[in-house]
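A.B. asks: Sharing a structure, written as structure tokens. Questions coming.
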Amino acid sequence: MIANVNMDELFAVMLMEEEGVKYETENAHDKLFKDALNDNCEFVEFINNFVMKNKQLKKDEVIKVRNSYLTNTYNLKEIDVIYKEKADDIYYIVEHQSTIDESMPYRMLIYCTSVLSGIAEKDKLRTKQYKIPTIIPIVVYTGEKRWNVVEKLTDKQIKVEGNESILELKYILIDINNMTDEELLANKTKFSFTMLIEKSRDAKDLERRLTRIAKNCTKEQALEMEGTIKYFYEPILGADAIAKIREFFDREGGEPIMTAVDYVKADIEKKREQAKREGKQEGRQEGKIEDAKKMKNMGMENKLICEVTGLSEKEIEDIAG
């Protein structure tokens, strides 16, 4: 967890993307983790690599549950992640924590019963053949201190000698502190890269880990990481540090990737070709100047801007002035 960043409700509303719903949280980390498990493939990789290694689900065997399950106790709290296996009534709910919460066994019980009350076929409950859906509760913890909260509800309850509790729940804990950088890098998924970033404790630590990610990610992941770095971490690390990190992603990325410069050049060429086809000559100089301004704002060097737009260095300097 990066210092001085509010990590509360890090996974809030993750994957619960009902149309028309506006989420209150604006924390960049919310979007980071939402993206990390935003499709079936990523979620299946998460389950197979971190939760139930012997099960090995396939991406077409699960589906996201979009309904929100709100409880009376936590009436403003939405369960972070809900997925269902298509073939069976088996549900996975994921709750994220960045701080230690002693109420977690109770909270997970409330969440599980809340989901059950919404999915159980009440007209079949009295039949002998009907099997109640299974809920697999998972807690992902990314705090700095090791998680020391009990994982079984009965360990939080008053003991009655000679009697076993008739009410039991045990959540699966995924503690970031139990994962090494090498294990997370080896998984090569959005979630593992996200967890690796969350292990960073300061700017230097973050830059080092982003560099390692750049050397292990795919072309598509590198492109996605560039956007994440730019928009999520610039307010924390500053523009200069972000520019340096993004350059490294451009250079390393698991495969050659298109940089911001490449995109601008391609866009300009596309506009030029369109102008030629339409026989438009007027306004071309003005268009070049506008393109140059955009590239200047992106921090590109004058020499490169001249090469792309065809403007002279003096014209570029005049724009800057």
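Residues are named by chain letter and number: chains run A, B, ... in the order of the structure tokens, numbers start at 1 in each chain, and ligands are numbered from 1 in the order shown.
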Do a neighbour search on A:Glu102 at 10 Å with only C-alpha atoms, toss out local chain neighbours closer than 4 positions, and write the hits as a list of chain:residue names.

C.D. replies: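 Within the cut-off, the hits are A:Tyr106, A:Arg107, A:Trp147, A:Asn148, A:Val149, A:Val150, A:Glu151, A:Lys156.
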
A.B. asks: Go ahead and dump the residues you just picked, C-alpha atoms, as a short mmCIF file (atom, residue, chain, number, x, y, z; two decimals), in the first residue's frame.

C.D. replies:
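Output contents, as saved in again.cif:
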data_model
loop_
_atom_site.label_atom_id
_atom_site.label_comp_id
_atom_site.auth_asym_id
_atom_site.auth_seq_id
_atom_site.Cartn_x
_atom_site.Cartn_y
_atom_site.Cartn_z
CA TYR A 106 -19.29 -11.37 11.11
CA ARG A 107 -19.31 -9.15 8.03
CA TRP A 147 -3.63 -9.92 8.80
CA ASN A 148 -4.24 -11.17 12.34
CA VAL A 149 -8.03 -11.53 12.37
CA VAL A 150 -9.53 -14.99 12.85
CA GLU A 151 -10.91 -16.56 9.69
CA LYS A 156 -15.00 -15.11 17.30
#

A.B. asks: Would you please give, as a ChimeraX atom specification, all residues of stretch 18-224 of chain A that DSSP assigns to strand (DSSP E) based on the backbone?

C.D. replies: /A:62-64,81-85,90-97,134-141,172-175

A.B. asks: Could you write out that same residue set with C-alpha atoms as a compact mmCIF listing (two decimals), in the first residue's frame?

C.D. replies:
# COMPACT_ATOMS: atom_id res chain seq x y z
CA VAL A 62 -18.28 -18.37 -14.79
CA ILE A 63 -20.44 -15.31 -15.16
CA LYS A 64 -20.53 -11.99 -13.34
CA VAL A 81 -17.25 -8.87 -6.38
CA ILE A 82 -19.77 -11.60 -7.16
CA TYR A 83 -19.28 -14.33 -9.76
CA LYS A 84 -21.28 -17.51 -10.35
CA GLU A 85 -20.37 -20.81 -11.93
CA ILE A 90 -21.72 -21.91 -6.66
CA TYR A 91 -21.05 -18.23 -5.99
CA TYR A 92 -17.81 -16.41 -5.23
CA ILE A 93 -17.87 -13.15 -3.30
CA VAL A 94 -14.73 -11.09 -2.83
CA GLU A 95 -14.21 -8.40 -0.23
CA HIS A 96 -11.14 -6.19 -0.23
CA GLN A 97 -9.51 -4.76 2.88
CA THR A 134 -22.83 -22.58 -2.06
CA ILE A 135 -21.16 -19.25 -1.27
CA ILE A 136 -17.36 -19.08 -1.26
CA PRO A 137 -16.29 -15.95 0.67
CA ILE A 138 -12.88 -14.47 -0.12
CA VAL A 139 -11.03 -11.61 1.57
CA VAL A 140 -8.17 -9.90 -0.24
CA TYR A 141 -6.00 -7.89 2.13
CA ILE A 172 -10.56 -17.63 2.39
CA LEU A 173 -7.83 -15.09 3.12
CA ILE A 174 -5.45 -13.75 0.48
CA ASP A 175 -2.84 -11.65 2.28

A.B. asks: Which residues, written as a VMD selection string, have at least one atom at most 8 Å from stretch 301-308 of chain A, with only C-alpha atoms counted and residues fewer than 3 positions away on the same chain left out?

C.D. replies: chain A and resid 265 292 295 to 296 311 to 313 316 to 317

A.B. asks: What does the file look like for those residues with C-alpha atoms, as an mmCIF file, in the first residue's frame?

C.D. replies:
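Once everything was written out, this is result07.cif:
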data_model
loop_
_atom_site.group_PDB
_atom_site.id
_atom_site.type_symbol
_atom_site.label_atom_id
_atom_site.label_comp_id
_atom_site.auth_asym_id
_atom_site.auth_seq_id
_atom_site.Cartn_x
_atom_site.Cartn_y
_atom_site.Cartn_z
ATOM 1 C CA LYS A 265 1.766 10.650 -35.735
ATOM 2 C CA ALA A 292 1.938 21.063 -32.784
ATOM 3 C CA MET A 295 2.333 17.602 -29.029
ATOM 4 C CA LYS A 296 3.951 20.493 -27.180
ATOM 5 C CA LEU A 311 6.643 23.157 -39.347
ATOM 6 C CA SER A 312 9.955 24.930 -38.829
ATOM 7 C CA GLU A 313 11.641 25.175 -35.449
ATOM 8 C CA ILE A 316 7.305 25.763 -33.090
ATOM 9 C CA GLU A 317 9.072 28.260 -30.844
#

A.B. asks: What does the structure give for the distance between atom CA of A:Phe191 and atom CA of A:Phe46, in Å to one decimal?

C.D. replies: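 Separation of atom CA of A:Phe191 and atom CA of A:Phe46: 6.9 Å.
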
A.B. asks: Taking only C-alpha atoms into account, produce a table as a tab-separated table in which each residue of stretch 89-183 of chain A with an atom at most 10 Å from an atom of stretch 195-215 of chain A appears once, together with its shortest atom pair and the distance in Å to one decimal, ordered by chain and rising number.

C.D. replies:
residue	atom	partner	partner_atom	distance
A:Ser98	CA	A:Glu198	CA	9.7
A:Val140	CA	A:Met195	CA	9.7
A:Tyr141	CA	A:Met195	CA	9.6
A:Thr142	CA	A:Glu198	CA	6.6
A:Gly143	CA	A:Lys199	CA	8.4
A:Glu144	CA	A:Lys199	CA	7.8
A:Asp175	CA	A:Met195	CA	9.9
A:Ile176	CA	A:Met195	CA	6.9
A:Asn177	CA	A:Lys199	CA	7.8
A:Met179	CA	A:Leu196	CA	8.8
A:Thr180	CA	A:Leu196	CA	8.5
A:Asp181	CA	A:Leu196	CA	6.4
A:Glu182	CA	A:Leu196	CA	9.4
A:Glu183	CA	A:Leu196	CA	9.4

A.B. asks: Could you check which of A:Val65, A:Leu167, A:Ile158, A:Ala222 is closest to A:Lys190, using only C-alpha atoms?

C.D. replies: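 Ranking A:Val65, A:Leu167, A:Ile158, A:Ala222 by distance to A:Lys190, first place goes to A:Ala222.
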
A.B. asks: Just the number, please: distance in Å from atom CA of A:Asp155 to atom CA of A:Thr113, one decimal.

C.D. replies: 18.8 Å

A.B. asks: Write out as a tab-separated table (two decimals) with N, CA and C atoms, in the first residue's frame all residues of stretch 162-257 of chain A that DSSP puts in helix (DSSP H, G or I) for this structure's backbone.

C.D. replies:
chain	number	residue	atom	x	y	z
A	176	ILE	N	-1.60	-10.04	0.99
A	176	ILE	CA	-0.54	-9.59	0.11
A	176	ILE	C	0.84	-9.81	0.72
A	177	ASN	N	0.90	-9.82	2.05
A	177	ASN	CA	2.17	-9.98	2.74
A	177	ASN	C	2.73	-11.40	2.63
A	178	ASN	N	1.90	-12.33	2.20
A	178	ASN	CA	2.34	-13.71	2.05
A	178	ASN	C	2.78	-14.02	0.62
A	181	ASP	N	7.36	-11.00	-4.70
A	181	ASP	CA	7.32	-10.32	-5.99
A	181	ASP	C	7.43	-11.33	-7.13
A	182	GLU	N	8.26	-12.33	-6.94
A	182	GLU	CA	8.49	-13.32	-8.00
A	182	GLU	C	7.22	-14.12	-8.28
A	183	GLU	N	6.47	-14.48	-7.25
A	183	GLU	CA	5.23	-15.22	-7.43
A	183	GLU	C	4.22	-14.40	-8.21
A	184	LEU	N	4.10	-13.13	-7.87
A	184	LEU	CA	3.15	-12.26	-8.54
A	184	LEU	C	3.55	-12.00	-9.99
A	185	LEU	N	4.83	-11.80	-10.23
A	185	LEU	CA	5.30	-11.59	-11.60
A	185	LEU	C	5.07	-12.82	-12.46
A	186	ALA	N	5.26	-13.99	-11.87
A	186	ALA	CA	5.13	-15.24	-12.62
A	186	ALA	C	3.70	-15.47	-13.09
A	187	ASN	N	2.71	-14.93	-12.38
A	187	ASN	CA	1.31	-15.12	-12.77
A	187	ASN	C	0.94	-14.33	-14.02
A	190	LYS	N	-3.50	-9.22	-14.67
A	190	LYS	CA	-3.79	-7.87	-14.17
A	190	LYS	C	-3.83	-7.86	-12.65
A	191	PHE	N	-4.47	-8.89	-12.10
A	191	PHE	CA	-4.60	-8.93	-10.65
A	191	PHE	C	-3.24	-9.05	-9.98
A	192	SER	N	-2.39	-9.93	-10.48
A	192	SER	CA	-1.08	-10.12	-9.86
A	192	SER	C	-0.23	-8.85	-9.98
A	193	PHE	N	-0.31	-8.17	-11.13
A	193	PHE	CA	0.42	-6.92	-11.29
A	193	PHE	C	-0.12	-5.85	-10.35
A	194	THR	N	-1.45	-5.82	-10.19
A	194	THR	CA	-2.07	-4.87	-9.27
A	194	THR	C	-1.62	-5.12	-7.84
A	195	MET	N	-1.59	-6.39	-7.44
A	195	MET	CA	-1.13	-6.73	-6.10
A	195	MET	C	0.34	-6.36	-5.92
A	196	LEU	N	1.13	-6.54	-6.96
A	196	LEU	CA	2.55	-6.18	-6.89
A	196	LEU	C	2.70	-4.68	-6.67
A	197	ILE	N	1.91	-3.89	-7.37
A	197	ILE	CA	1.94	-2.44	-7.18
A	197	ILE	C	1.55	-2.08	-5.76
A	198	GLU	N	0.55	-2.79	-5.21
A	198	GLU	CA	0.07	-2.48	-3.87
A	198	GLU	C	1.10	-2.83	-2.79
A	203	ALA	N	7.57	5.94	-3.35
A	203	ALA	CA	7.72	6.20	-4.78
A	203	ALA	C	8.84	5.37	-5.41
A	204	LYS	N	9.95	5.26	-4.71
A	204	LYS	CA	11.09	4.50	-5.24
A	204	LYS	C	10.72	3.03	-5.39
A	205	ASP	N	10.04	2.51	-4.39
A	205	ASP	CA	9.59	1.12	-4.41
A	205	ASP	C	8.62	0.88	-5.57
A	206	LEU	N	7.72	1.82	-5.76
A	206	LEU	CA	6.74	1.72	-6.84
A	206	LEU	C	7.43	1.73	-8.20
A	207	GLU	N	8.37	2.63	-8.39
A	207	GLU	CA	9.06	2.71	-9.67
A	207	GLU	C	9.82	1.42	-9.97
A	208	ARG	N	10.44	0.84	-8.94
A	208	ARG	CA	11.19	-0.40	-9.13
A	208	ARG	C	10.25	-1.54	-9.56
A	209	ARG	N	9.09	-1.61	-8.93
A	209	ARG	CA	8.16	-2.69	-9.28
A	209	ARG	C	7.52	-2.48	-10.65
A	210	LEU	N	7.23	-1.24	-10.99
A	210	LEU	CA	6.69	-0.96	-12.32
A	210	LEU	C	7.69	-1.34	-13.40
A	211	THR	N	8.95	-1.14	-13.11
A	211	THR	CA	10.00	-1.53	-14.06
A	211	THR	C	10.00	-3.03	-14.27
A	212	ARG	N	9.84	-3.79	-13.20
A	212	ARG	CA	9.81	-5.25	-13.32
A	212	ARG	C	8.56	-5.71	-14.07
A	213	ILE	N	7.44	-5.02	-13.82
A	213	ILE	CA	6.21	-5.36	-14.54
A	213	ILE	C	6.39	-5.11	-16.03
A	214	ALA	N	7.05	-4.01	-16.38
A	214	ALA	CA	7.27	-3.67	-17.78
A	214	ALA	C	8.03	-4.77	-18.51
A	215	LYS	N	8.89	-5.46	-17.81
A	215	LYS	CA	9.69	-6.52	-18.43
A	215	LYS	C	8.93	-7.84	-18.53
A	216	ASN	N	7.79	-7.93	-17.87
A	216	ASN	CA	7.07	-9.20	-17.84
A	216	ASN	C	5.68	-9.15	-18.46
A	219	LYS	N	2.03	-7.03	-24.64
A	219	LYS	CA	1.80	-5.78	-25.34
A	219	LYS	C	0.52	-5.10	-24.85
A	220	GLU	N	-0.56	-5.88	-24.77
A	220	GLU	CA	-1.84	-5.32	-24.35
A	220	GLU	C	-1.78	-4.83	-22.91
A	221	GLN	N	-1.14	-5.59	-22.05
A	221	GLN	CA	-1.03	-5.18	-20.65
A	221	GLN	C	-0.19	-3.92	-20.52
A	222	ALA	N	0.86	-3.81	-21.33
A	222	ALA	CA	1.71	-2.62	-21.27
A	222	ALA	C	0.92	-1.37	-21.64
A	223	LEU	N	0.10	-1.49	-22.67
A	223	LEU	CA	-0.73	-0.36	-23.08
A	223	LEU	C	-1.69	0.05	-21.97
A	224	GLU	N	-2.29	-0.95	-21.32
A	224	GLU	CA	-3.21	-0.67	-20.23
A	224	GLU	C	-2.48	-0.07	-19.04
A	225	MET	N	-1.29	-0.56	-18.76
A	225	MET	CA	-0.53	-0.05	-17.63
A	225	MET	C	-0.13	1.40	-17.83
A	226	GLU	N	0.17	1.78	-19.07
A	226	GLU	CA	0.52	3.17	-19.35
A	226	GLU	C	-0.59	4.12	-18.91
A	227	GLY	N	-1.81	3.77	-19.26
A	227	GLY	CA	-2.94	4.61	-18.87
A	227	GLY	C	-3.11	4.64	-17.37
A	228	THR	N	-2.93	3.48	-16.73
A	228	THR	CA	-3.05	3.39	-15.27
A	228	THR	C	-2.02	4.29	-14.60
A	229	ILE	N	-0.79	4.19	-15.06
A	229	ILE	CA	0.29	4.98	-14.47
A	229	ILE	C	0.03	6.48	-14.64
A	230	LYS	N	-0.35	6.85	-15.84
A	230	LYS	CA	-0.56	8.27	-16.13
A	230	LYS	C	-1.66	8.87	-15.27
A	231	TYR	N	-2.82	8.23	-15.24
A	231	TYR	CA	-3.98	8.84	-14.62
A	231	TYR	C	-4.14	8.52	-13.13
A	232	PHE	N	-3.59	7.41	-12.68
A	232	PHE	CA	-3.77	7.05	-11.29
A	232	PHE	C	-2.63	7.53	-10.40
A	233	TYR	N	-1.39	7.52	-10.93
A	233	TYR	CA	-0.24	7.75	-10.07
A	233	TYR	C	0.44	9.10	-10.25
A	234	GLU	N	0.09	9.83	-11.30
A	234	GLU	CA	0.70	11.14	-11.47
A	234	GLU	C	0.43	12.07	-10.29
A	235	PRO	N	-0.81	12.07	-9.75
A	235	PRO	CA	-1.07	12.94	-8.59
A	235	PRO	C	-0.22	12.56	-7.37
A	236	ILE	N	0.24	11.31	-7.34
A	236	ILE	CA	1.02	10.84	-6.20
A	236	ILE	C	2.51	11.05	-6.41
A	237	LEU	N	2.98	10.68	-7.61
A	237	LEU	CA	4.43	10.70	-7.87
A	237	LEU	C	4.91	11.95	-8.59
A	239	ALA	N	4.47	14.57	-12.30
A	239	ALA	CA	4.53	14.38	-13.75
A	239	ALA	C	5.88	13.89	-14.24
A	240	ASP	N	6.97	14.40	-13.67
A	240	ASP	CA	8.31	14.01	-14.13
A	240	ASP	C	8.58	12.53	-13.90
A	241	ALA	N	8.23	12.06	-12.71
A	241	ALA	CA	8.46	10.65	-12.40
A	241	ALA	C	7.59	9.75	-13.27
A	242	ILE	N	6.36	10.17	-13.52
A	242	ILE	CA	5.45	9.38	-14.35
A	242	ILE	C	5.96	9.31	-15.78
A	243	ALA	N	6.45	10.43	-16.29
A	243	ALA	CA	6.98	10.46	-17.66
A	243	ALA	C	8.14	9.48	-17.80
A	244	LYS	N	8.99	9.43	-16.80
A	244	LYS	CA	10.14	8.52	-16.83
A	244	LYS	C	9.69	7.06	-16.82
A	245	ILE	N	8.70	6.75	-15.98
A	245	ILE	CA	8.21	5.38	-15.88
A	245	ILE	C	7.53	4.96	-17.18
A	246	ARG	N	6.73	5.85	-17.76
A	246	ARG	CA	6.03	5.53	-19.00
A	246	ARG	C	7.01	5.30	-20.14
A	247	GLU	N	8.09	6.04	-20.16
A	247	GLU	CA	9.12	5.83	-21.18
A	247	GLU	C	9.68	4.42	-21.07
A	248	PHE	N	9.86	3.96	-19.84
A	248	PHE	CA	10.40	2.62	-19.66
A	248	PHE	C	9.41	1.56	-20.14
A	249	PHE	N	8.11	1.79	-19.88
A	249	PHE	CA	7.11	0.87	-20.38
A	249	PHE	C	7.11	0.86	-21.91
A	250	ASP	N	7.26	2.02	-22.53
A	250	ASP	CA	7.31	2.10	-23.98
A	250	ASP	C	8.49	1.30	-24.51
A	251	ARG	N	9.59	1.35	-23.80
A	251	ARG	CA	10.82	0.71	-24.26
A	251	ARG	C	10.83	-0.79	-23.98
A	252	GLU	N	10.26	-1.19	-22.83
A	252	GLU	CA	10.35	-2.57	-22.41
A	252	GLU	C	9.16	-3.41	-22.86

A.B. asks: In Å, rounded to a single decimal, give me how far atom CA of A:Thr189 is from atom CA of A:Ile47.

C.D. replies: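 Value for the atom CA of A:Ile47-atom CA of A:Thr189 distance: 11.8 Å.
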